[in-house]
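Enquirer: Handing you this structure, nothing more for now.
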There are 2 protein chains.
Amino acid sequence: MQLTLHTDYALRVLIYLAMHPNQRVTITELSTFFNISRNHLVKVVHNLGLKGFIQSVRGKNGGLYLSRSADQIRVGEVVRQMEANFHIVECFNPQKQGVCPIQGKCKLTSLLCRAKEQFLKELDGTLLSEVLLNK
Amino acid sequence: MQLTLHTDYALRVLIYLAMHPNQRVTITELSTFFNISRNHLVKVVHNLGLKGFIQSVRGKNGGLYLSRSADQIRVGEVVRQMEANFHIVECFNPQKQGVCPIQGKCKLTSLLCRAKEQFLKELDGTLLSEVLLNK
DNA sequence: TATAAGATGTATTTTAAATACATCTTTAAA
DNA sequence: TTTAAAGATGTATTTAAAATACATCTTATA
Ligand code: SF4
Ligand code: SF4
């Protein structure tokens with residue numbers, strides 16, 4: 001059970017932006033600081049933009065900044081938006097309906113759904129501003 | 001975020017065995033019922049044996065049965081044992097220590113750890129015997 | 001003692017994620 | 001008004017893990 005690097009990278013970007021408020025941060029700066037493939041970061045950043053977490057300015061002196069301040073962003077929200085799928089087990093996947101012969105009768109489905117919600121609920125309890133580096 | 005099919009298959013096997021107590025169930029029977037690659041099921045079953053959930057008898061009239069009764073097995077325990085890794089993010093992986101430059105300073109680590117525990121705690125609250133088919 | 005069952009090890013296939021590459025568009029400073 | 005710096009977008013390739021397949025060995029009992 002793991003989140004994708006894509007989601008982890010998204011969180012790193014948001015943390016960095018939160019630590020540099022009122023600035024335009026470039027993807028290259030992020031890529032260098034985190035030592036992450038710039039090409040991949042571009043996609044993460046693009047996705048963060050689509051989901052409304054960040055704004056971008058093109059051209060000279062362009063860069064990225066948070067759409068909302070860090071104390072207005074819940075970690076759970078970021079994970080929900082950035083993680084592509086939460087198909088904990090096969091029957092959660094709309095494209096795999098009926099593959100498992102006990103689907104509909106198995107009570108694991110609802111249990112795992114509750115477990116997933118507990119996971120996200122815990123993340124909802126923390127704001128991006130509370131995640132910033134200790135020292 | 002998803003569990004491996006391996007873990008899901010393991011749960012299916014345990015559910016089936018729990019529904020057929022005092023019987024020896026063959027892998028072939030399981031493979032047919034669940035329509036799962038027999039070869040793959042063999043590995044799942046073997047792993048369930050290693051982890052002490054089931055016993056097996058070889059030879060004619062052999063088969064599998066639960067080591068403990070279904071009301072003595074917590075779902076969380078099965079998931080903890082069968083899921084190969086719980087490296088929610090990169091820094092959870094012992095082989096990736098120090099790759100993320102903010103590791104040690106980022107408070108996401110402990111937050112995600114708590115979230116993971118909440119996920120498993122929810123699963124710990126249900127026994128295998130409570131998961132059996134409704135009807 | 002024949003055969004049905006699981007055990008074990010290796011190899012291949014499949015899939016999704018991660019990464020790389022190429023090119024286009026926007027913007028503001030020079 | 002030109003130009004370079006920045007992000008946007010689309011496609012292709014690589015990687016790694018999971019899933020599946022194949023082959024052979026061991027055990028137990030009818
Ligand atoms: S119905 Fe139960 S056993 Fe089947 S895929 Fe869903 S959770 Fe797993
Ligand atoms: S330290 Fe924080 S940002 Fe880095 S891998 Fe761990 S959770 Fe992600």
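Please note that chains go A, B, ... in the order of the structure tokens, that every chain numbers its residues from 1, and that ligands are numbered from 1 in the order shown.
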Select, as a list in words, those residues of chain A with any atom no more than 8 Å from chain C (distances computed using only C-alpha atoms (C1' of nucleotides)).

Expert: Thr4, Ser37, Asn39, His40, Arg58, Gly59, Lys60 and Asn61 of chain A

Enquirer: Would you mind exporting all heavy atoms of the selected residues as a CSV table (one decimal), in the first residue's frame?

Expert:
```csv
chain,number,residue,atom,x,y,z
A,4,THR,N,1.5,7.2,-4.9
A,4,THR,CA,2.4,7.4,-6.0
A,4,THR,C,3.4,8.5,-5.7
A,4,THR,O,3.1,9.4,-4.9
A,4,THR,CB,1.7,7.7,-7.3
A,4,THR,OG1,1.0,9.0,-7.1
A,4,THR,CG2,0.7,6.7,-7.7
A,37,SER,N,13.5,14.7,-11.5
A,37,SER,CA,13.4,14.9,-13.0
A,37,SER,C,12.5,16.1,-13.3
A,37,SER,O,11.4,16.1,-12.9
A,37,SER,CB,12.8,13.6,-13.6
A,37,SER,OG,12.1,13.9,-14.8
A,39,ASN,N,11.3,17.0,-16.0
A,39,ASN,CA,10.2,16.6,-16.9
A,39,ASN,C,9.0,16.1,-16.1
A,39,ASN,O,7.9,16.3,-16.4
A,39,ASN,CB,10.6,15.6,-17.9
A,39,ASN,CG,11.7,16.1,-18.8
A,39,ASN,OD1,11.4,17.0,-19.6
A,39,ASN,ND2,12.9,15.6,-18.7
A,40,HIS,N,9.3,15.3,-15.1
A,40,HIS,CA,8.3,14.7,-14.3
A,40,HIS,C,7.6,15.8,-13.5
A,40,HIS,O,6.4,15.8,-13.3
A,40,HIS,CB,8.8,13.6,-13.4
A,40,HIS,CG,7.7,12.7,-12.8
A,40,HIS,ND1,7.9,11.9,-11.7
A,40,HIS,CD2,6.4,12.5,-13.2
A,40,HIS,CE1,6.8,11.3,-11.5
A,40,HIS,NE2,5.9,11.6,-12.3
A,58,ARG,N,3.7,32.7,-16.8
A,58,ARG,CA,4.7,32.3,-17.8
A,58,ARG,C,5.6,33.5,-18.1
A,58,ARG,O,5.4,34.6,-17.6
A,58,ARG,CB,3.9,32.0,-19.1
A,58,ARG,CG,3.2,30.7,-19.1
A,58,ARG,CD,2.6,30.5,-20.5
A,58,ARG,NE,1.9,29.2,-20.6
A,58,ARG,CZ,1.4,28.7,-21.7
A,58,ARG,NH1,1.6,29.4,-22.9
A,58,ARG,NH2,0.8,27.6,-21.8
A,59,GLY,N,6.6,33.2,-18.9
A,59,GLY,CA,7.5,34.3,-19.3
A,59,GLY,C,8.5,34.7,-18.3
A,59,GLY,O,8.6,34.1,-17.2
A,60,LYS,N,9.3,35.6,-18.7
A,60,LYS,CA,10.4,36.1,-17.8
A,60,LYS,C,9.8,36.5,-16.4
A,60,LYS,O,8.8,37.1,-16.3
A,60,LYS,CB,11.1,37.3,-18.4
A,60,LYS,CG,12.3,37.0,-19.2
A,60,LYS,CD,13.0,38.2,-19.6
A,60,LYS,CE,14.3,37.9,-20.4
A,60,LYS,NZ,14.9,39.0,-21.1
A,61,ASN,N,10.6,36.1,-15.4
A,61,ASN,CA,10.2,36.3,-14.0
A,61,ASN,C,9.0,35.6,-13.7
A,61,ASN,O,8.3,36.0,-12.7
A,61,ASN,CB,10.1,37.8,-13.7
A,61,ASN,CG,11.4,38.6,-13.9
A,61,ASN,OD1,12.5,38.0,-13.6
A,61,ASN,ND2,11.4,39.8,-14.5
```

Enquirer: Grab me every residue within 8 Å of ligand 1, counting only C-alpha atoms (C1' of nucleotides) and all ligand atoms, and send it over as a compact mmCIF listing (two decimals) with all heavy atoms, in the first residue's frame.

Expert:
```txt
# COMPACT_ATOMS: atom_id res chain seq x y z
N VAL A 89 -9.17 -2.36 -3.38
CA VAL A 89 -9.27 -3.73 -3.89
C VAL A 89 -10.00 -3.73 -5.23
O VAL A 89 -10.58 -2.72 -5.63
CB VAL A 89 -9.99 -4.67 -2.90
CG1 VAL A 89 -9.06 -5.10 -1.77
CG2 VAL A 89 -11.24 -4.01 -2.35
N GLU A 90 -9.96 -4.87 -5.89
CA GLU A 90 -10.48 -5.00 -7.25
C GLU A 90 -11.90 -4.46 -7.42
O GLU A 90 -12.18 -3.74 -8.39
CB GLU A 90 -10.43 -6.47 -7.67
CG GLU A 90 -10.52 -6.70 -9.16
CD GLU A 90 -10.27 -8.17 -9.51
OE1 GLU A 90 -10.90 -9.04 -8.89
OE2 GLU A 90 -9.45 -8.43 -10.39
N CYS A 91 -12.77 -4.77 -6.47
CA CYS A 91 -14.18 -4.40 -6.65
C CYS A 91 -14.42 -2.90 -6.53
O CYS A 91 -15.52 -2.43 -6.82
CB CYS A 91 -15.06 -5.18 -5.66
SG CYS A 91 -14.66 -4.87 -3.93
N PHE A 92 -13.40 -2.13 -6.11
CA PHE A 92 -13.56 -0.67 -6.06
C PHE A 92 -13.44 -0.08 -7.46
O PHE A 92 -13.87 1.04 -7.70
CB PHE A 92 -12.46 -0.03 -5.20
CG PHE A 92 -12.71 -0.10 -3.71
CD1 PHE A 92 -13.26 -1.23 -3.12
CD2 PHE A 92 -12.37 0.96 -2.88
CE1 PHE A 92 -13.48 -1.29 -1.75
CE2 PHE A 92 -12.58 0.90 -1.51
CZ PHE A 92 -13.13 -0.22 -0.95
N VAL A 99 -15.86 -9.04 -11.55
CA VAL A 99 -14.74 -9.97 -11.71
C VAL A 99 -14.64 -10.87 -10.47
O VAL A 99 -14.47 -12.08 -10.59
CB VAL A 99 -13.40 -9.22 -11.94
CG1 VAL A 99 -12.24 -10.20 -11.89
CG2 VAL A 99 -13.44 -8.47 -13.26
N CYS A 100 -14.76 -10.26 -9.31
CA CYS A 100 -14.72 -11.07 -8.09
C CYS A 100 -16.10 -11.67 -7.86
O CYS A 100 -17.10 -10.95 -7.77
CB CYS A 100 -14.33 -10.20 -6.89
SG CYS A 100 -14.42 -11.11 -5.33
N PRO A 101 -16.16 -13.01 -7.79
CA PRO A 101 -17.45 -13.70 -7.74
C PRO A 101 -18.24 -13.46 -6.45
O PRO A 101 -19.44 -13.73 -6.42
CB PRO A 101 -17.08 -15.18 -7.90
CG PRO A 101 -15.65 -15.26 -7.50
CD PRO A 101 -15.03 -13.95 -7.83
N ILE A 102 -17.59 -12.97 -5.41
CA ILE A 102 -18.36 -12.75 -4.18
C ILE A 102 -18.70 -11.27 -3.98
O ILE A 102 -19.20 -10.87 -2.93
CB ILE A 102 -17.62 -13.30 -2.93
CG1 ILE A 102 -16.29 -12.60 -2.72
CG2 ILE A 102 -17.46 -14.81 -3.04
CD1 ILE A 102 -15.57 -13.07 -1.44
N GLN A 103 -18.42 -10.49 -5.02
CA GLN A 103 -18.73 -9.07 -4.93
C GLN A 103 -20.22 -8.87 -4.67
O GLN A 103 -21.06 -9.55 -5.26
CB GLN A 103 -18.33 -8.37 -6.23
CG GLN A 103 -18.44 -6.86 -6.13
CD GLN A 103 -18.13 -6.16 -7.44
OE1 GLN A 103 -17.59 -6.77 -8.36
NE2 GLN A 103 -18.48 -4.89 -7.53
N GLY A 104 -20.53 -7.95 -3.78
CA GLY A 104 -21.94 -7.69 -3.47
C GLY A 104 -22.35 -8.44 -2.22
O GLY A 104 -23.26 -8.04 -1.50
N LYS A 105 -21.65 -9.55 -1.98
CA LYS A 105 -21.98 -10.35 -0.79
C LYS A 105 -20.89 -10.23 0.27
O LYS A 105 -21.10 -10.51 1.44
CB LYS A 105 -22.16 -11.82 -1.19
CG LYS A 105 -23.43 -12.04 -2.00
CD LYS A 105 -23.54 -13.46 -2.51
CE LYS A 105 -22.63 -13.68 -3.72
NZ LYS A 105 -22.80 -15.01 -4.35
N CYS A 106 -19.70 -9.81 -0.19
CA CYS A 106 -18.54 -9.72 0.70
C CYS A 106 -18.57 -8.40 1.46
O CYS A 106 -18.68 -7.33 0.88
CB CYS A 106 -17.29 -9.81 -0.16
SG CYS A 106 -15.79 -9.30 0.67
N LYS A 107 -18.46 -8.49 2.77
CA LYS A 107 -18.54 -7.27 3.59
C LYS A 107 -17.20 -6.55 3.72
O LYS A 107 -17.10 -5.54 4.40
CB LYS A 107 -19.08 -7.63 4.98
CG LYS A 107 -20.50 -8.17 4.96
CD LYS A 107 -20.96 -8.54 6.37
CE LYS A 107 -22.31 -9.24 6.33
NZ LYS A 107 -22.64 -9.84 7.64
N LEU A 108 -16.18 -7.09 3.08
CA LEU A 108 -14.87 -6.43 3.10
C LEU A 108 -14.95 -5.09 2.37
O LEU A 108 -14.28 -4.13 2.74
CB LEU A 108 -13.81 -7.28 2.39
CG LEU A 108 -13.12 -8.38 3.17
CD1 LEU A 108 -12.14 -9.09 2.25
CD2 LEU A 108 -12.41 -7.80 4.37
N THR A 109 -15.77 -5.05 1.34
CA THR A 109 -15.87 -3.85 0.53
C THR A 109 -16.16 -2.62 1.39
O THR A 109 -15.45 -1.62 1.33
CB THR A 109 -16.99 -4.02 -0.52
OG1 THR A 109 -16.82 -5.27 -1.16
CG2 THR A 109 -16.93 -2.91 -1.55
N LEU A 112 -13.27 -1.89 3.95
CA LEU A 112 -12.10 -1.24 3.36
C LEU A 112 -12.40 0.20 2.97
O LEU A 112 -11.53 1.07 3.01
CB LEU A 112 -11.62 -2.04 2.13
CG LEU A 112 -10.95 -3.37 2.50
CD1 LEU A 112 -10.84 -4.29 1.30
CD2 LEU A 112 -9.56 -3.13 3.11
N ASP B 8 -5.66 -9.27 -1.66
CA ASP B 8 -7.10 -9.47 -1.87
C ASP B 8 -7.37 -10.96 -2.05
O ASP B 8 -8.32 -11.52 -1.47
CB ASP B 8 -7.54 -8.67 -3.10
CG ASP B 8 -9.06 -8.51 -3.17
OD1 ASP B 8 -9.76 -9.00 -2.27
OD2 ASP B 8 -9.55 -7.93 -4.15
N TYR B 9 -6.55 -11.63 -2.84
CA TYR B 9 -6.72 -13.07 -3.05
C TYR B 9 -6.61 -13.82 -1.73
O TYR B 9 -7.35 -14.77 -1.46
CB TYR B 9 -5.66 -13.59 -4.03
CG TYR B 9 -5.87 -13.21 -5.48
CD1 TYR B 9 -4.89 -13.45 -6.44
CD2 TYR B 9 -7.07 -12.63 -5.90
CE1 TYR B 9 -5.08 -13.12 -7.77
CE2 TYR B 9 -7.26 -12.29 -7.24
CZ TYR B 9 -6.26 -12.53 -8.16
OH TYR B 9 -6.44 -12.20 -9.49
N LEU B 11 -7.38 -12.77 1.19
CA LEU B 11 -8.62 -12.57 1.93
C LEU B 11 -9.73 -13.45 1.37
O LEU B 11 -10.51 -14.04 2.13
CB LEU B 11 -9.03 -11.09 1.87
CG LEU B 11 -8.14 -10.16 2.71
CD1 LEU B 11 -8.33 -8.70 2.32
CD2 LEU B 11 -8.43 -10.35 4.20
N ARG B 12 -9.76 -13.58 0.04
CA ARG B 12 -10.79 -14.42 -0.58
C ARG B 12 -10.63 -15.87 -0.15
O ARG B 12 -11.60 -16.57 0.16
CB ARG B 12 -10.72 -14.34 -2.11
CG ARG B 12 -11.09 -12.96 -2.63
CD ARG B 12 -11.06 -12.88 -4.16
NE ARG B 12 -10.84 -11.50 -4.57
CZ ARG B 12 -10.80 -11.09 -5.83
NH1 ARG B 12 -10.96 -11.97 -6.82
NH2 ARG B 12 -10.60 -9.81 -6.13
N ILE B 15 -11.81 -16.24 3.41
CA ILE B 15 -13.28 -16.18 3.47
C ILE B 15 -13.86 -17.53 3.05
O ILE B 15 -14.74 -18.07 3.72
CB ILE B 15 -13.83 -15.07 2.54
CG1 ILE B 15 -13.51 -13.69 3.13
CG2 ILE B 15 -15.32 -15.22 2.31
CD1 ILE B 15 -13.82 -12.53 2.19
```

Enquirer: For CA of Ala84 (chain B) and CA of Cys113 (chain A), quote the distance in Å rounded to one decimal.

Expert: 20.4 Å

Enquirer: If we count only C-alpha atoms (C1' of nucleotides) and set the cut-off at 9 Å, which residues sit around Ala115 (chain A), ignoring sequence neighbours fewer than 6 positions away in its own chain? Please answer as a ChimeraX atom specification.

Expert: /B:118-123

Enquirer: Just N, CA, C and O atoms for this one: save the residues we selected as a PDB file, in the first residue's frame.

Expert:
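So selection_12.pdb came out as:
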```pdb
ATOM      1  N   GLN B 118      -4.441   4.417  11.317  1.00  0.00           N
ATOM      2  CA  GLN B 118      -5.899   4.548  11.384  1.00  0.00           C
ATOM      3  C   GLN B 118      -6.560   3.595  10.397  1.00  0.00           C
ATOM      4  O   GLN B 118      -7.593   2.996  10.697  1.00  0.00           O
ATOM      5  N   PHE B 119      -5.954   3.472   9.232  1.00  0.00           N
ATOM      6  CA  PHE B 119      -6.461   2.546   8.210  1.00  0.00           C
ATOM      7  C   PHE B 119      -6.496   1.124   8.773  1.00  0.00           C
ATOM      8  O   PHE B 119      -7.520   0.441   8.740  1.00  0.00           O
ATOM      9  N   LEU B 120      -5.362   0.706   9.329  1.00  0.00           N
ATOM     10  CA  LEU B 120      -5.255  -0.662   9.843  1.00  0.00           C
ATOM     11  C   LEU B 120      -6.108  -0.868  11.095  1.00  0.00           C
ATOM     12  O   LEU B 120      -6.664  -1.945  11.315  1.00  0.00           O
ATOM     13  N   LYS B 121      -6.208   0.187  11.899  1.00  0.00           N
ATOM     14  CA  LYS B 121      -7.009   0.090  13.117  1.00  0.00           C
ATOM     15  C   LYS B 121      -8.462  -0.218  12.770  1.00  0.00           C
ATOM     16  O   LYS B 121      -9.121  -1.016  13.439  1.00  0.00           O
ATOM     17  N   GLU B 122      -8.942   0.425  11.699  1.00  0.00           N
ATOM     18  CA  GLU B 122     -10.313   0.170  11.270  1.00  0.00           C
ATOM     19  C   GLU B 122     -10.465  -1.308  10.900  1.00  0.00           C
ATOM     20  O   GLU B 122     -11.442  -1.952  11.261  1.00  0.00           O
ATOM     21  N   LEU B 123      -9.458  -1.840  10.210  1.00  0.00           N
ATOM     22  CA  LEU B 123      -9.516  -3.248   9.797  1.00  0.00           C
ATOM     23  C   LEU B 123      -9.388  -4.192  10.999  1.00  0.00           C
ATOM     24  O   LEU B 123      -9.938  -5.289  10.995  1.00  0.00           O
TER      25      LEU B 123
END
```

Enquirer: Calculated over only C-alpha atoms (C1' of nucleotides), which of the candidates D:DA28, D:DA6, D:DT13, D:DA21 has the smallest distance to Ser56 (chain A)?

Expert: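 Counting only C-alpha atoms (C1' of nucleotides), the residue closest to Ser56 (chain A) is D:DA6.
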
Enquirer: Find the residues of chain D in contact range of chain A, meaning any atom within 8 Å when counting only C-alpha atoms (C1' of nucleotides), and list them as a ChimeraX atom specification.

Expert: /D:4-8

Enquirer: Kindly provide the residues of chain A that approach ligand 2 to within 12 Å, each paired with its closest atom pair and their distance in Å to one decimal, based on only C-alpha atoms and all ligand atoms, listed by chain and increasing number, as CSV.

Expert:
```
residue,atom,partner,partner_atom_place_in_ligand_line,distance
A:Gln2,CA,ligand 2,8 (Fe),11.6
A:Leu3,CA,ligand 2,8 (Fe),10.0
A:Thr4,CA,ligand 2,8 (Fe),10.5
A:Leu5,CA,ligand 2,8 (Fe),8.5
A:His6,CA,ligand 2,8 (Fe),10.4
A:Thr7,CA,ligand 2,8 (Fe),8.8
A:Asp8,CA,ligand 2,8 (Fe),5.1
A:Tyr9,CA,ligand 2,3 (S),7.0
A:Ala10,CA,ligand 2,3 (S),8.7
A:Leu11,CA,ligand 2,3 (S),6.3
A:Arg12,CA,ligand 2,3 (S),4.8
A:Val13,CA,ligand 2,3 (S),8.6
A:Leu14,CA,ligand 2,3 (S),9.6
A:Ile15,CA,ligand 2,3 (S),7.9
A:Tyr16,CA,ligand 2,3 (S),9.6
A:Phe33,CA,ligand 2,4 (Fe),12.0
A:Phe34,CA,ligand 2,4 (Fe),9.0
A:Asn35,CA,ligand 2,4 (Fe),11.5
A:Ile36,CA,ligand 2,4 (Fe),11.7
A:Val75,CA,ligand 2,7 (S),11.2
A:Val79,CA,ligand 2,8 (Fe),11.8
A:Leu128,CA,ligand 2,2 (Fe),11.6
A:Val131,CA,ligand 2,2 (Fe),8.6
A:Leu132,CA,ligand 2,2 (Fe),9.4
A:Leu133,CA,ligand 2,2 (Fe),9.0
A:Asn134,CA,ligand 2,1 (S),11.5
```

Enquirer: Interatomic distance between CA of Gln95 (chain A) and C1' of DA18 (chain D)?

Expert: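 About the pair CA of Gln95 (chain A) and C1' of DA18 (chain D): they are 18.5 Å apart.
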
Enquirer: As JSON, numbers by chain, list the residues of region 30-114 of chain A assigned to strand (DSSP E or B) by DSSP on the backbone atoms of this structure.

Expert: {"A": [54, 55, 56, 57, 63, 64, 65, 66, 74]}

Enquirer: From chain B, collect each residue whose DSSP state is alpha helix (DSSP H) and return the set as a ChimeraX atom specification.

Expert: /B:5-19,27-34,38-50,75-82,108-124

Enquirer: Select, from B:Ile88, B:Leu111, B:Leu30, B:Leu127, the residue with the minimum atom-to-atom distance to chain A, counting only C-alpha atoms.

Expert: B:Ile88

Enquirer: What does the distance from CA of Asn22 (chain A) to CA of Gln55 (chain A) come to in Å, to one decimal?

Expert: 12.1 Å

Enquirer: From the set A:Ser129, A:Ser110, A:Ser67, A:Asn85, which residue has the shortest atom-to-atom contact distance to chain B, counting only C-alpha atoms?

Expert: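 Result for the nearest residue to chain B: A:Asn85.
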